[in-house]
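Q: One structure, pasted below without further comment.
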Amino acid sequence: MKHMFDADVAKAYGVNAAIVFQNIAYLCEYNRMNETNYHDGNYWTFNSRKAFSEQHPYLTEKQIRTALDKLVESGLLAKGNYNKYQFDKTSWYALTDEGRVVYTAGQIDWPLRSNALAPEGQGTAPEGQPIPYINTNINTDINVSKNPTDSCPEPEESASTPTEPPVISLPLNDGTEHPVTKEDFDKYVALYPSVDVMQQLRNMYGWLDSHRNRRKTRSGIKGFITTWLAKEQDRSMTRQPAQPQPNAFGLDRRNNKVPERYGGGIIV
């Protein structure tokens, strides 16, 4: 049995968490393809820590619990309970938007194979197809001249083209930064018209600066930005100013003020 994991997740949260994340992400993706275990807008997989430990005999139940807690706290996994019986405390897990970005970015597009790790009741995937043979020794039939004067040098202006400075740079978990370009900034402004995008990017910087252990990977940072801005967009739609609520006599219930047509003033 071969177990794989994403190197970026391992750098951020440890190898144990990366292995568990890969397993759960695989099962959630399998359930999505088979349209099973769909609840509240997500495809879920369920398992106990004991079962996880049996699937990963090199990890203890305590290590499994620590890994799962890290993945939930980091925002890569969501945790729920959709068991039929109230006494059943088996935990369910699903990929968040950020977790889906991380998994998709690091996934090789192989067909889902028979799943030896699938918990009971979730079935097995169909037999995978063999990886196609790719011949890398390709004859391109290009006649390369030995005369160096026949070569086409790079345009001189390409080396001197100035790079536009980023609007802001967000710190990543590997110590580098993700530059938010003017092009990306303009896209965010168009996508989230009710949001002060610049201020929210500053808020993201402050949050990432003070939560070093929860900084995002290079492949997951854009998912983090769009998820943050989408939530702010939703919040802004609910912040509508209260409208006047006159009673039967035309008085505004909010401030007990008499309308001007009745002389104005405050009701005592």
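Naming works like this for the structure tokens: A, B, ... for the chains as they're shown, residue 1 at the start of each chain, ligands 1 onward in shown order.
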Name all residues at most 8 Å from His39 in chain A (count only C-alpha atoms; drop same-chain ones fewer than 4 positions away) and give them as a PyMOL selection string.
A: chain A and resi 43-44+82
Q: Once DSSP has gone over the backbone, tell me which residues of range 23-54 of chain A are in helix (DSSP H, G or I), as a list in words.
A: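 Those in range 23-54 of chain A that DSSP calls helix (DSSP H, G or I) are Asn23, Ile24, Ala25, Tyr26, Leu27, Cys28, Glu29, Tyr30, Asn31, Arg32, Met33, Asn34, Arg49, Lys50, Ala51, Phe52, Ser53 and Glu54 of chain A.
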Q: Between A:Ala105, A:Leu208, A:Leu201, A:Ile225, which has the minimum distance to Asp8 in chain A (counting only C-alpha atoms)?
A: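 Among the listed residues, A:Ala105 lies closest to Asp8 in chain A.
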Q: My list of candidates is A:Ser194, A:Asn37, A:Thr163, A:Thr104. Which is closest to Thr238 in chain A when distances are computed with only C-alpha atoms?
A: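 Going through A:Ser194, A:Asn37, A:Thr163, A:Thr104 one by one, the smallest distance to Thr238 in chain A is for A:Ser194.
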Q: Between A:Leu27, A:Asn213, A:Asn83, A:Leu77, which has the minimum distance to Gly14 in chain A (counting only C-alpha atoms)?
A: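 Smallest distance to Gly14 in chain A is found for A:Asn213.
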Q: Here is a test: counting only C-alpha atoms, which residue of A:Arg49, A:Lys222, A:Arg215, A:His56 is nearest to Thr181 in chain A?
A: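 Distance minimum relative to Thr181 in chain A lands on A:Lys222.
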